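File shown here: query_8.cif, holding mmCIF, C-alpha atoms and all ligand atoms.
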data_structure
loop_
_atom_site.group_PDB
_atom_site.id
_atom_site.type_symbol
_atom_site.label_atom_id
_atom_site.label_comp_id
_atom_site.auth_asym_id
_atom_site.auth_seq_id
_atom_site.Cartn_x
_atom_site.Cartn_y
_atom_site.Cartn_z
ATOM 1 C CA MET A 1 15.511 -36.517 50.464
ATOM 2 C CA LYS A 2 18.514 -37.917 48.573
ATOM 3 C CA LYS A 3 16.195 -40.390 46.888
ATOM 4 C CA PHE A 4 13.924 -37.604 45.885
ATOM 5 C CA ILE A 5 16.776 -35.563 44.361
ATOM 6 C CA THR A 6 18.006 -38.614 42.414
ATOM 7 C CA LEU A 7 14.508 -39.206 41.128
ATOM 8 C CA ALA A 8 14.152 -35.559 40.161
ATOM 9 C CA LEU A 9 17.478 -35.618 38.335
ATOM 10 C CA ALA A 10 16.469 -38.800 36.516
ATOM 11 C CA ILE A 11 13.227 -37.213 35.405
ATOM 12 C CA ILE A 12 15.059 -34.092 34.216
ATOM 13 C CA MET A 13 17.504 -36.238 32.233
ATOM 14 C CA ILE A 14 14.706 -38.203 30.607
ATOM 15 C CA PHE A 15 13.073 -34.929 29.587
ATOM 16 C CA ALA A 16 16.363 -33.582 28.292
ATOM 17 C CA LEU A 17 16.928 -36.721 26.227
ATOM 18 C CA CYS A 18 13.440 -36.543 24.809
ATOM 19 C CA ALA A 19 13.960 -32.904 23.922
ATOM 20 C CA CYS A 20 17.240 -33.701 22.095
ATOM 21 C CA GLY A 21 15.690 -36.532 20.155
ATOM 22 C CA ASN A 22 12.790 -34.402 19.167
ATOM 23 C CA GLN A 23 13.508 -32.680 15.821
ATOM 24 C CA ALA A 24 10.522 -30.397 15.873
ATOM 25 C CA PRO A 25 10.966 -27.072 17.646
ATOM 26 C CA ALA A 26 9.367 -27.057 21.029
ATOM 27 C CA ALA A 27 5.897 -25.619 20.972
ATOM 28 C CA PRO A 28 5.597 -22.414 22.972
ATOM 29 C CA ALA A 29 3.828 -22.899 26.236
ATOM 30 C CA ALA A 30 0.144 -22.258 25.826
ATOM 31 C CA PRO A 31 -1.094 -19.288 27.815
ATOM 32 C CA ALA A 32 -3.199 -20.267 30.766
ATOM 33 C CA GLU A 33 -6.185 -18.348 29.415
ATOM 34 C CA PRO A 34 -6.350 -18.077 25.606
ATOM 35 C CA ALA A 35 -6.678 -14.357 24.824
ATOM 36 C CA ALA A 36 -10.036 -13.503 23.290
ATOM 37 C CA PRO A 37 -9.599 -11.831 19.844
ATOM 38 C CA ALA A 38 -9.777 -8.079 20.373
ATOM 39 C CA ALA A 39 -13.053 -6.695 19.078
ATOM 40 C CA PRO A 40 -12.373 -4.052 16.395
ATOM 41 C CA ALA A 41 -12.568 -0.596 17.873
ATOM 42 C CA PHE A 42 -14.285 0.740 14.757
ATOM 43 C CA ASP A 43 -17.485 0.125 12.831
ATOM 44 C CA THR A 44 -17.771 -0.717 9.136
ATOM 45 C CA ILE A 45 -20.872 -0.669 6.929
ATOM 46 C CA THR A 46 -20.857 -4.469 6.787
ATOM 47 C CA PRO A 47 -19.229 -6.091 9.827
ATOM 48 C CA GLY A 48 -15.929 -7.724 8.888
ATOM 49 C CA VAL A 49 -15.787 -6.042 5.480
ATOM 50 C CA LEU A 50 -14.098 -2.864 4.272
ATOM 51 C CA THR A 51 -16.354 -1.428 1.562
ATOM 52 C CA VAL A 52 -14.358 0.716 -0.852
ATOM 53 C CA ALA A 53 -15.601 3.015 -3.617
ATOM 54 C CA THR A 54 -13.139 3.558 -6.456
ATOM 55 C CA SER A 55 -13.082 4.988 -9.982
ATOM 56 C CA PRO A 56 -10.915 2.676 -12.128
ATOM 57 C CA ASP A 57 -10.332 5.046 -15.049
ATOM 58 C CA TYR A 58 -7.112 6.372 -13.596
ATOM 59 C CA ALA A 59 -3.921 4.443 -14.352
ATOM 60 C CA PRO A 60 -1.650 3.981 -12.456
ATOM 61 C CA TYR A 61 -3.887 4.769 -9.450
ATOM 62 C CA GLU A 62 -6.749 2.403 -10.370
ATOM 63 C CA PHE A 63 -7.650 0.654 -13.600
ATOM 64 C CA TYR A 64 -8.484 -2.792 -14.963
ATOM 65 C CA ALA A 65 -5.482 -4.871 -15.955
ATOM 66 C CA VAL A 66 -6.080 -7.726 -18.374
ATOM 67 C CA ASP A 67 -4.026 -10.885 -17.896
ATOM 68 C CA GLU A 68 -2.852 -13.327 -20.587
ATOM 69 C CA ALA A 69 -6.046 -15.360 -20.298
ATOM 70 C CA GLY A 70 -8.043 -12.198 -21.039
ATOM 71 C CA ASN A 71 -9.403 -11.780 -17.507
ATOM 72 C CA ALA A 72 -9.732 -8.209 -16.274
ATOM 73 C CA SER A 73 -9.155 -7.369 -12.633
ATOM 74 C CA LEU A 74 -8.855 -4.193 -10.606
ATOM 75 C CA ALA A 75 -5.260 -3.038 -10.386
ATOM 76 C CA GLY A 76 -3.247 0.033 -9.432
ATOM 77 C CA PHE A 77 -1.483 1.371 -6.361
ATOM 78 C CA ASP A 78 -4.714 2.647 -4.776
ATOM 79 C CA ILE A 79 -6.194 -0.841 -5.089
ATOM 80 C CA GLU A 80 -3.150 -2.492 -3.508
ATOM 81 C CA LEU A 81 -3.121 0.126 -0.766
ATOM 82 C CA ALA A 82 -6.803 -0.514 0.021
ATOM 83 C CA LYS A 83 -6.154 -4.284 0.162
ATOM 84 C CA TYR A 84 -3.199 -3.700 2.479
ATOM 85 C CA ILE A 85 -5.312 -1.562 4.800
ATOM 86 C CA ALA A 86 -8.101 -4.163 4.887
ATOM 87 C CA ALA A 87 -5.578 -6.879 5.769
ATOM 88 C CA GLU A 88 -4.057 -4.733 8.529
ATOM 89 C CA LEU A 89 -7.510 -4.100 9.940
ATOM 90 C CA GLY A 90 -8.373 -7.795 9.755
ATOM 91 C CA LEU A 91 -11.192 -7.171 7.280
ATOM 92 C CA GLU A 92 -12.326 -8.638 3.976
ATOM 93 C CA ILE A 93 -12.444 -6.119 1.151
ATOM 94 C CA GLU A 94 -15.195 -5.235 -1.277
ATOM 95 C CA PHE A 95 -14.547 -2.771 -4.092
ATOM 96 C CA ILE A 96 -17.437 -0.899 -5.684
ATOM 97 C CA PRO A 97 -16.305 0.590 -9.022
ATOM 98 C CA MET A 98 -18.065 3.778 -10.126
ATOM 99 C CA ASP A 99 -17.399 7.159 -11.743
ATOM 100 C CA PHE A 100 -15.389 9.624 -9.674
ATOM 101 C CA ASP A 101 -18.304 11.921 -8.818
ATOM 102 C CA GLY A 102 -20.076 8.786 -7.517
ATOM 103 C CA VAL A 103 -17.137 8.094 -5.199
ATOM 104 C CA LEU A 104 -17.472 11.585 -3.709
ATOM 105 C CA MET A 105 -21.212 11.111 -3.275
ATOM 106 C CA GLU A 106 -21.051 7.640 -1.704
ATOM 107 C CA VAL A 107 -18.365 8.702 0.771
ATOM 108 C CA GLY A 108 -20.320 11.867 1.579
ATOM 109 C CA LEU A 109 -23.488 9.852 2.201
ATOM 110 C CA GLY A 110 -21.628 7.316 4.336
ATOM 111 C CA ASN A 111 -22.624 4.416 2.061
ATOM 112 C CA VAL A 112 -19.051 3.082 1.894
ATOM 113 C CA ASP A 113 -16.212 2.868 4.426
ATOM 114 C CA MET A 114 -13.727 4.686 2.245
ATOM 115 C CA GLY A 115 -13.188 6.242 -1.153
ATOM 116 C CA VAL A 116 -9.824 5.485 -2.753
ATOM 117 C CA ALA A 117 -9.585 7.232 -6.095
ATOM 118 C CA GLY A 118 -6.548 9.487 -6.337
ATOM 119 C CA LEU A 119 -8.523 11.926 -4.253
ATOM 120 C CA SER A 120 -7.076 15.392 -3.670
ATOM 121 C CA PRO A 121 -7.611 16.997 -0.249
ATOM 122 C CA ASP A 122 -9.750 19.777 -1.685
ATOM 123 C CA PRO A 123 -10.797 22.043 1.241
ATOM 124 C CA GLU A 124 -14.395 22.164 -0.068
ATOM 125 C CA ARG A 125 -14.647 18.375 0.184
ATOM 126 C CA ALA A 126 -13.556 18.501 3.807
ATOM 127 C CA GLN A 127 -17.108 19.624 4.593
ATOM 128 C CA THR A 128 -18.567 16.333 3.440
ATOM 129 C CA MET A 129 -15.855 13.806 4.321
ATOM 130 C CA ASP A 130 -12.757 13.263 6.430
ATOM 131 C CA PHE A 131 -9.328 12.810 4.841
ATOM 132 C CA SER A 132 -6.639 10.325 5.723
ATOM 133 C CA VAL A 133 -3.021 11.442 5.869
ATOM 134 C CA SER A 134 -1.545 12.011 2.422
ATOM 135 C CA TYR A 135 0.055 8.916 0.882
ATOM 136 C CA TYR A 136 1.250 10.184 -2.494
ATOM 137 C CA GLU A 137 2.481 13.400 -4.040
ATOM 138 C CA GLY A 138 1.161 13.859 -7.547
ATOM 139 C CA GLY A 139 1.080 17.108 -9.460
ATOM 140 C CA GLN A 140 -1.370 18.460 -12.033
ATOM 141 C CA ALA A 141 -0.861 18.746 -15.770
ATOM 142 C CA PHE A 142 -2.312 20.519 -18.771
ATOM 143 C CA ILE A 143 -2.231 18.158 -21.732
ATOM 144 C CA THR A 144 -3.038 18.245 -25.425
ATOM 145 C CA SER A 145 -2.582 16.001 -28.466
ATOM 146 C CA GLN A 146 0.206 16.117 -31.052
ATOM 147 C CA ALA A 147 -2.315 17.431 -33.607
ATOM 148 C CA LYS A 148 -3.106 20.460 -31.391
ATOM 149 C CA ALA A 149 0.270 20.922 -29.765
ATOM 150 C CA ASP A 150 1.208 24.014 -31.792
ATOM 151 C CA LYS A 151 -1.630 25.952 -30.063
ATOM 152 C CA PHE A 152 0.022 25.700 -26.678
ATOM 153 C CA THR A 153 3.283 26.997 -25.337
ATOM 154 C CA ASP A 154 2.450 27.486 -21.651
ATOM 155 C CA LEU A 155 -0.486 27.632 -19.234
ATOM 156 C CA ALA A 156 -1.457 31.121 -20.414
ATOM 157 C CA SER A 157 -2.037 29.732 -23.907
ATOM 158 C CA ALA A 158 -4.674 27.361 -22.437
ATOM 159 C CA ASN A 159 -6.894 30.379 -21.901
ATOM 160 C CA GLN A 160 -8.262 31.272 -25.344
ATOM 161 C CA ALA A 161 -11.860 31.680 -26.436
ATOM 162 C CA GLY A 162 -13.113 28.797 -28.551
ATOM 163 C CA LEU A 163 -10.826 26.138 -27.093
ATOM 164 C CA GLN A 164 -12.541 22.915 -25.973
ATOM 165 C CA ILE A 165 -10.941 22.050 -22.658
ATOM 166 C CA GLY A 166 -11.733 18.782 -20.902
ATOM 167 C CA ALA A 167 -11.825 17.776 -17.236
ATOM 168 C CA GLN A 168 -13.403 14.906 -15.327
ATOM 169 C CA ILE A 169 -16.712 15.658 -13.598
ATOM 170 C CA GLY A 170 -16.405 16.435 -9.889
ATOM 171 C CA THR A 171 -12.619 16.680 -9.889
ATOM 172 C CA ILE A 172 -10.353 19.488 -8.846
ATOM 173 C CA GLN A 173 -9.263 19.546 -12.497
ATOM 174 C CA GLU A 174 -12.678 21.042 -13.295
ATOM 175 C CA ASP A 175 -11.801 23.873 -10.902
ATOM 176 C CA LEU A 176 -8.381 24.235 -12.526
ATOM 177 C CA ALA A 177 -10.032 24.491 -15.951
ATOM 178 C CA THR A 178 -12.389 27.195 -14.675
ATOM 179 C CA GLN A 179 -9.463 29.038 -13.139
ATOM 180 C CA PHE A 180 -6.826 28.778 -15.878
ATOM 181 C CA SER A 181 -9.005 28.379 -18.986
ATOM 182 C CA ALA A 182 -11.773 30.802 -18.013
ATOM 183 C CA ASP A 183 -12.216 32.070 -21.592
ATOM 184 C CA ALA A 184 -12.350 28.574 -23.117
ATOM 185 C CA ASP A 185 -15.273 26.109 -23.203
ATOM 186 C CA LEU A 186 -15.177 23.583 -20.372
ATOM 187 C CA VAL A 187 -16.100 20.065 -21.457
ATOM 188 C CA SER A 188 -16.853 17.956 -18.363
ATOM 189 C CA LEU A 189 -16.722 14.206 -18.887
ATOM 190 C CA PRO A 190 -17.583 11.350 -16.490
ATOM 191 C CA LYS A 191 -14.371 9.360 -16.878
ATOM 192 C CA ALA A 192 -10.720 10.327 -17.137
ATOM 193 C CA THR A 193 -10.462 7.828 -19.982
ATOM 194 C CA ASP A 194 -13.206 9.735 -21.872
ATOM 195 C CA ILE A 195 -10.864 12.719 -21.802
ATOM 196 C CA ILE A 196 -8.013 10.696 -23.268
ATOM 197 C CA ALA A 197 -10.315 9.282 -25.969
ATOM 198 C CA GLU A 198 -11.683 12.714 -26.895
ATOM 199 C CA LEU A 199 -8.223 14.244 -26.989
ATOM 200 C CA VAL A 200 -6.868 11.493 -29.193
ATOM 201 C CA GLY A 201 -10.028 11.669 -31.342
ATOM 202 C CA GLY A 202 -9.499 15.402 -31.866
ATOM 203 C CA LYS A 203 -12.684 16.667 -30.136
ATOM 204 C CA LEU A 204 -10.806 18.313 -27.292
ATOM 205 C CA ASP A 205 -8.002 20.839 -27.647
ATOM 206 C CA GLY A 206 -6.612 20.304 -24.197
ATOM 207 C CA ALA A 207 -7.415 18.911 -20.760
ATOM 208 C CA TYR A 208 -6.480 19.061 -17.100
ATOM 209 C CA ILE A 209 -5.485 15.800 -15.460
ATOM 210 C CA GLU A 210 -3.210 14.415 -12.721
ATOM 211 C CA TRP A 211 0.434 14.473 -13.832
ATOM 212 C CA ASP A 212 1.119 10.755 -13.288
ATOM 213 C CA VAL A 213 -2.082 9.768 -15.063
ATOM 214 C CA ALA A 214 -0.975 11.824 -18.062
ATOM 215 C CA LEU A 215 2.410 10.093 -17.991
ATOM 216 C CA SER A 216 0.780 6.677 -17.759
ATOM 217 C CA TYR A 217 -1.720 7.172 -20.614
ATOM 218 C CA GLN A 218 0.998 8.791 -22.703
ATOM 219 C CA LYS A 219 2.760 5.410 -22.761
ATOM 220 C CA ASN A 220 -0.300 3.801 -24.389
ATOM 221 C CA TYR A 221 -1.210 6.869 -26.464
ATOM 222 C CA PRO A 222 1.964 8.578 -27.671
ATOM 223 C CA GLU A 223 -0.273 11.270 -29.262
ATOM 224 C CA ILE A 224 -0.754 12.769 -25.781
ATOM 225 C CA VAL A 225 1.481 15.764 -25.145
ATOM 226 C CA ILE A 226 2.075 17.239 -21.686
ATOM 227 C CA VAL A 227 2.205 21.021 -22.118
ATOM 228 C CA CYS A 228 3.036 22.107 -18.580
ATOM 229 C CA GLU A 229 2.562 21.607 -14.892
ATOM 230 C CA VAL A 230 -0.432 23.339 -13.314
ATOM 231 C CA PRO A 231 -0.189 24.883 -9.843
ATOM 232 C CA TYR A 232 -2.590 23.486 -7.249
ATOM 233 C CA GLU A 233 -2.429 24.174 -3.539
ATOM 234 C CA ALA A 234 -3.987 21.119 -1.845
ATOM 235 C CA GLU A 235 -1.241 18.760 -2.958
ATOM 236 C CA GLY A 236 -1.082 15.044 -2.346
ATOM 237 C CA ASN A 237 -3.619 12.237 -2.467
ATOM 238 C CA VAL A 238 -5.722 11.076 0.450
ATOM 239 C CA ILE A 239 -8.380 8.489 1.268
ATOM 240 C CA GLY A 240 -11.872 9.852 1.851
ATOM 241 C CA VAL A 241 -13.681 8.506 4.928
ATOM 242 C CA PRO A 242 -17.273 9.308 5.944
ATOM 243 C CA LYS A 243 -17.430 11.999 8.605
ATOM 244 C CA GLY A 244 -17.698 10.986 12.223
ATOM 245 C CA ASN A 245 -16.024 7.546 12.113
ATOM 246 C CA GLU A 246 -12.900 8.696 13.958
ATOM 247 C CA ALA A 247 -11.927 5.201 15.090
ATOM 248 C CA LEU A 248 -11.949 3.864 11.522
ATOM 249 C CA LEU A 249 -10.062 6.917 10.254
ATOM 250 C CA ALA A 250 -7.388 6.409 12.936
ATOM 251 C CA ALA A 251 -7.042 2.711 12.051
ATOM 252 C CA ILE A 252 -6.800 3.546 8.323
ATOM 253 C CA ASN A 253 -4.163 6.198 9.023
ATOM 254 C CA GLU A 254 -2.115 3.789 11.097
ATOM 255 C CA ALA A 255 -2.134 1.101 8.383
ATOM 256 C CA LEU A 256 -1.470 3.638 5.649
ATOM 257 C CA THR A 257 1.471 5.197 7.474
ATOM 258 C CA LYS A 258 2.960 1.741 8.058
ATOM 259 C CA CYS A 259 2.574 0.863 4.378
ATOM 260 C CA VAL A 260 4.326 4.056 3.281
ATOM 261 C CA GLU A 261 7.064 3.987 5.936
ATOM 262 C CA GLU A 262 8.084 0.362 5.445
ATOM 263 C CA GLY A 263 8.424 0.999 1.690
ATOM 264 C CA THR A 264 5.635 -1.348 0.597
ATOM 265 C CA PHE A 265 3.728 1.523 -0.947
ATOM 266 C CA SER A 266 6.669 2.420 -3.235
ATOM 267 C CA ASP A 267 6.601 -1.182 -4.460
ATOM 268 C CA PHE A 268 2.866 -0.837 -5.180
ATOM 269 C CA VAL A 269 3.586 2.301 -7.237
ATOM 270 C CA ALA A 270 6.355 0.615 -9.252
ATOM 271 C CA GLN A 271 4.193 -2.479 -9.919
ATOM 272 C CA ALA A 272 1.203 -0.346 -10.933
ATOM 273 C CA GLN A 273 3.261 1.726 -13.354
ATOM 274 C CA GLU A 274 4.570 -1.416 -14.984
ATOM 275 C CA LEU A 275 1.145 -3.074 -15.131
ATOM 276 C CA ALA A 276 -0.439 0.068 -16.598
ATOM 277 C CA GLU A 277 1.836 -0.238 -19.614
ATOM 278 C CA GLY A 278 0.343 -3.620 -20.440
ATOM 279 C CA ASN A 279 -3.128 -4.491 -21.603
ATOM 280 C CA ILE A 280 -5.658 -2.427 -19.658
ATOM 281 C CA ILE A 281 -9.330 -1.651 -19.942
ATOM 282 C CA GLU A 282 -10.380 1.955 -20.321
ATOM 283 C CA GLY A 283 -13.046 2.957 -17.863
ATOM 284 C CA LEU A 284 -15.552 0.690 -16.159
ATOM 285 C CA LEU A 285 -16.414 -2.893 -16.990
ATOM 286 C CA ASP A 286 -20.073 -3.350 -17.845
HETATM 287 N N1 LIG B 301 -7.240 14.218 -7.856
HETATM 288 C C1 LIG B 301 -8.416 14.663 -8.530
HETATM 289 C C2 LIG B 301 -9.507 15.014 -7.563
HETATM 290 O O1 LIG B 301 -9.502 14.602 -6.438
HETATM 291 C C3 LIG B 301 -8.924 13.698 -9.561
HETATM 292 C C4 LIG B 301 -9.175 12.319 -9.089
HETATM 293 C C5 LIG B 301 -9.868 11.474 -10.136
HETATM 294 N N2 LIG B 301 -9.808 10.114 -9.776
HETATM 295 C C6 LIG B 301 -10.180 9.077 -10.563
HETATM 296 N N3 LIG B 301 -10.039 7.875 -10.096
HETATM 297 N N4 LIG B 301 -10.698 9.296 -11.736
HETATM 298 O O2 LIG B 301 -10.422 15.699 -7.910
#
Could you write out this file's structure as structure tokens?
Ligand code: ARG
Amino acid sequence: MKKFITLALAIIMIFALCACGNQAPAAPAAPAEPAAPAAPAFDTITPGVLTVATSPDYAPYEFYAVDEAGNASLAGFDIELAKYIAAELGLEIEFIPMDFDGVLMEVGLGNVDMGVAGLSPDPERAQTMDFSVSYYEGGQAFITSQAKADKFTDLASANQAGLQIGAQIGTIQEDLATQFSADADLVSLPKATDIIAELVGGKLDGAYIEWDVALSYQKNYPEIVIVCEVPYEAEGNVIGVPKGNEALLAAINEALTKCVEEGTFSDFVAQAQELAEGNIIEGLLD
């Protein structure tokens, strides 16, 4: 017995010596049975991929940023948020750029896993898609150009016969135009950047657009003038998810909430605002 204890002690000492001499941290003991990777509890259109529809005409939400070498790539806080969610869900990401009304259609038809495009939780849309929790609070604005600025003092002045008032097709801003500029002519355009171009070019008198988008484009086009804020009830921005994929919606919400709560999303917003002041491409790439 004594012999055995001595031997055991000797063995322990040898091990201890080896451990001291060993610089590398000890590897954690391997589990007896390696855990099988948990199968995702949700389905995506393409297994292993998060397919995302977006409308990159909307700085700082989504746009194309051009780097020093002249290469354009999708940028904006919606884009970074979508990438974050894909990473949290253990998925690759595929963006499909299109006009905003296309985003609504593709999400409604279930052709994509989510639509990330500065989407407002418009109650009418809730019939064709599910909404994530809100991740951003952005207001609405009525804007004009410096050349037309003397026509407008407040929202009431946006409602005059003969005015050409722009809004992007399929957006809640179209509804705002119908509501607050009922006597004016509504000019619906496919891209938010078309609105900016037409305003700057003098074809439009005014337009309805998201507040932060107005602020962002104003930096590149100082001719843009923000007249006033426009009231809109369904505040905030959400991700659109095809109806009936509750498991995916829950996973998206969990990732999104984490991103917002840990402060990463605020960093995405700050980066996007800065990037949007640089060289960006208006609208879609061909
Ligand atoms: N928030 C508005 C809406 O949901 C406009 C969104 C437009 N988005 C864009 N990427 N162009 O109707």
I'd like the neighbourhood of Leu215 in chain A as a PyMOL selection string, where a residue qualifies if any of its atoms comes within 10 Å (using only C-alpha atoms), though same-chain residues fewer than 3 positions away should be ignored.
chain A and resi 59-60+141+210-212+218-222+224-226+273
With distances taken over only C-alpha atoms, the candidate from A:Leu163, A:Ile79, A:Ala207, A:Val238 nearest Leu119 in chain A is A:Val238
Check which residues satisfy the PyMOL selection byres (((not hetatm)) within 10 of (chain B and resi 301)) in the file shown, then give them as number ranges by chain.
A: 53-63, 78, 97-101, 103-104, 115-122, 125, 138-140, 167-176, 190-193, 208-211, 213, 234-240, 283
Extending 4 Å beyond the listed atoms of range 148-153 of chain A on each side, what axis-aligned box results? I want centre and edge lengths in Å to one decimal, as JSON.
{"center_x": 0.1, "center_y": 23.7, "center_z": -28.6, "size_x": 14.4, "size_y": 14.5, "size_z": 14.5}
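Between CA of Lys83 in chain A and CA of Ala247 in chain A the interatomic distance comes to 18.6 Å.
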Going by the chain IDs and residue numbers used in this file, which residues fall under the PyMOL selection byres (((chain A and resi 180) around 8) and not hetatm)? Write them as JSON, numbers by chain.
{"A": [155, 156, 158, 159, 176, 177, 178, 179, 181, 182]}
Non-local contacts of Phe42 in chain A (12 Å; all atoms listed in the file; under 5 positions in same chain excluded) as JSON, numbers by chain
{"A": [47, 48, 49, 50, 89, 90, 91, 113, 244, 245, 246, 247, 248, 249, 250, 251, 252]}
Residue rebuild result range 260-273 of chain A, N, CA and C atoms as a PDB file, in the frame of the given file:
ATOM      1  N   VAL A 260       3.427   3.078   3.911  1.00  0.00           N
ATOM      2  CA  VAL A 260       4.326   4.056   3.281  1.00  0.00           C
ATOM      3  C   VAL A 260       5.715   3.961   3.904  1.00  0.00           C
ATOM      4  N   GLU A 261       5.766   3.935   5.244  1.00  0.00           N
ATOM      5  CA  GLU A 261       7.064   3.987   5.936  1.00  0.00           C
ATOM      6  C   GLU A 261       7.911   2.739   5.718  1.00  0.00           C
ATOM      7  N   GLU A 262       7.287   1.585   5.627  1.00  0.00           N
ATOM      8  CA  GLU A 262       8.084   0.362   5.445  1.00  0.00           C
ATOM      9  C   GLU A 262       8.485   0.171   3.980  1.00  0.00           C
ATOM     10  N   GLY A 263       8.007   1.050   3.092  1.00  0.00           N
ATOM     11  CA  GLY A 263       8.424   0.999   1.690  1.00  0.00           C
ATOM     12  C   GLY A 263       7.534   0.151   0.797  1.00  0.00           C
ATOM     13  N   THR A 264       6.527  -0.494   1.392  1.00  0.00           N
ATOM     14  CA  THR A 264       5.635  -1.348   0.597  1.00  0.00           C
ATOM     15  C   THR A 264       4.881  -0.518  -0.436  1.00  0.00           C
ATOM     16  N   PHE A 265       4.497   0.697  -0.019  1.00  0.00           N
ATOM     17  CA  PHE A 265       3.728   1.523  -0.947  1.00  0.00           C
ATOM     18  C   PHE A 265       4.545   1.878  -2.204  1.00  0.00           C
ATOM     19  N   SER A 266       5.838   2.134  -2.048  1.00  0.00           N
ATOM     20  CA  SER A 266       6.669   2.420  -3.235  1.00  0.00           C
ATOM     21  C   SER A 266       6.681   1.228  -4.174  1.00  0.00           C
ATOM     22  N   ASP A 267       6.664   0.017  -3.607  1.00  0.00           N
ATOM     23  CA  ASP A 267       6.601  -1.182  -4.460  1.00  0.00           C
ATOM     24  C   ASP A 267       5.275  -1.211  -5.222  1.00  0.00           C
ATOM     25  N   PHE A 268       4.185  -0.866  -4.526  1.00  0.00           N
ATOM     26  CA  PHE A 268       2.866  -0.837  -5.180  1.00  0.00           C
ATOM     27  C   PHE A 268       2.885   0.132  -6.373  1.00  0.00           C
ATOM     28  N   VAL A 269       3.539   1.281  -6.178  1.00  0.00           N
ATOM     29  CA  VAL A 269       3.586   2.301  -7.237  1.00  0.00           C
ATOM     30  C   VAL A 269       4.356   1.746  -8.443  1.00  0.00           C
ATOM     31  N   ALA A 270       5.525   1.148  -8.164  1.00  0.00           N
ATOM     32  CA  ALA A 270       6.355   0.615  -9.252  1.00  0.00           C
ATOM     33  C   ALA A 270       5.607  -0.489 -10.017  1.00  0.00           C
ATOM     34  N   GLN A 271       4.956  -1.390  -9.276  1.00  0.00           N
ATOM     35  CA  GLN A 271       4.193  -2.479  -9.919  1.00  0.00           C
ATOM     36  C   GLN A 271       3.053  -1.914 -10.772  1.00  0.00           C
ATOM     37  N   ALA A 272       2.361  -0.917 -10.228  1.00  0.00           N
ATOM     38  CA  ALA A 272       1.203  -0.346 -10.933  1.00  0.00           C
ATOM     39  C   ALA A 272       1.641   0.340 -12.219  1.00  0.00           C
ATOM     40  N   GLN A 273       2.769   1.033 -12.150  1.00  0.00           N
ATOM     41  CA  GLN A 273       3.261   1.726 -13.354  1.00  0.00           C
ATOM     42  C   GLN A 273       3.592   0.711 -14.440  1.00  0.00           C
TER      43      GLN A 273
END
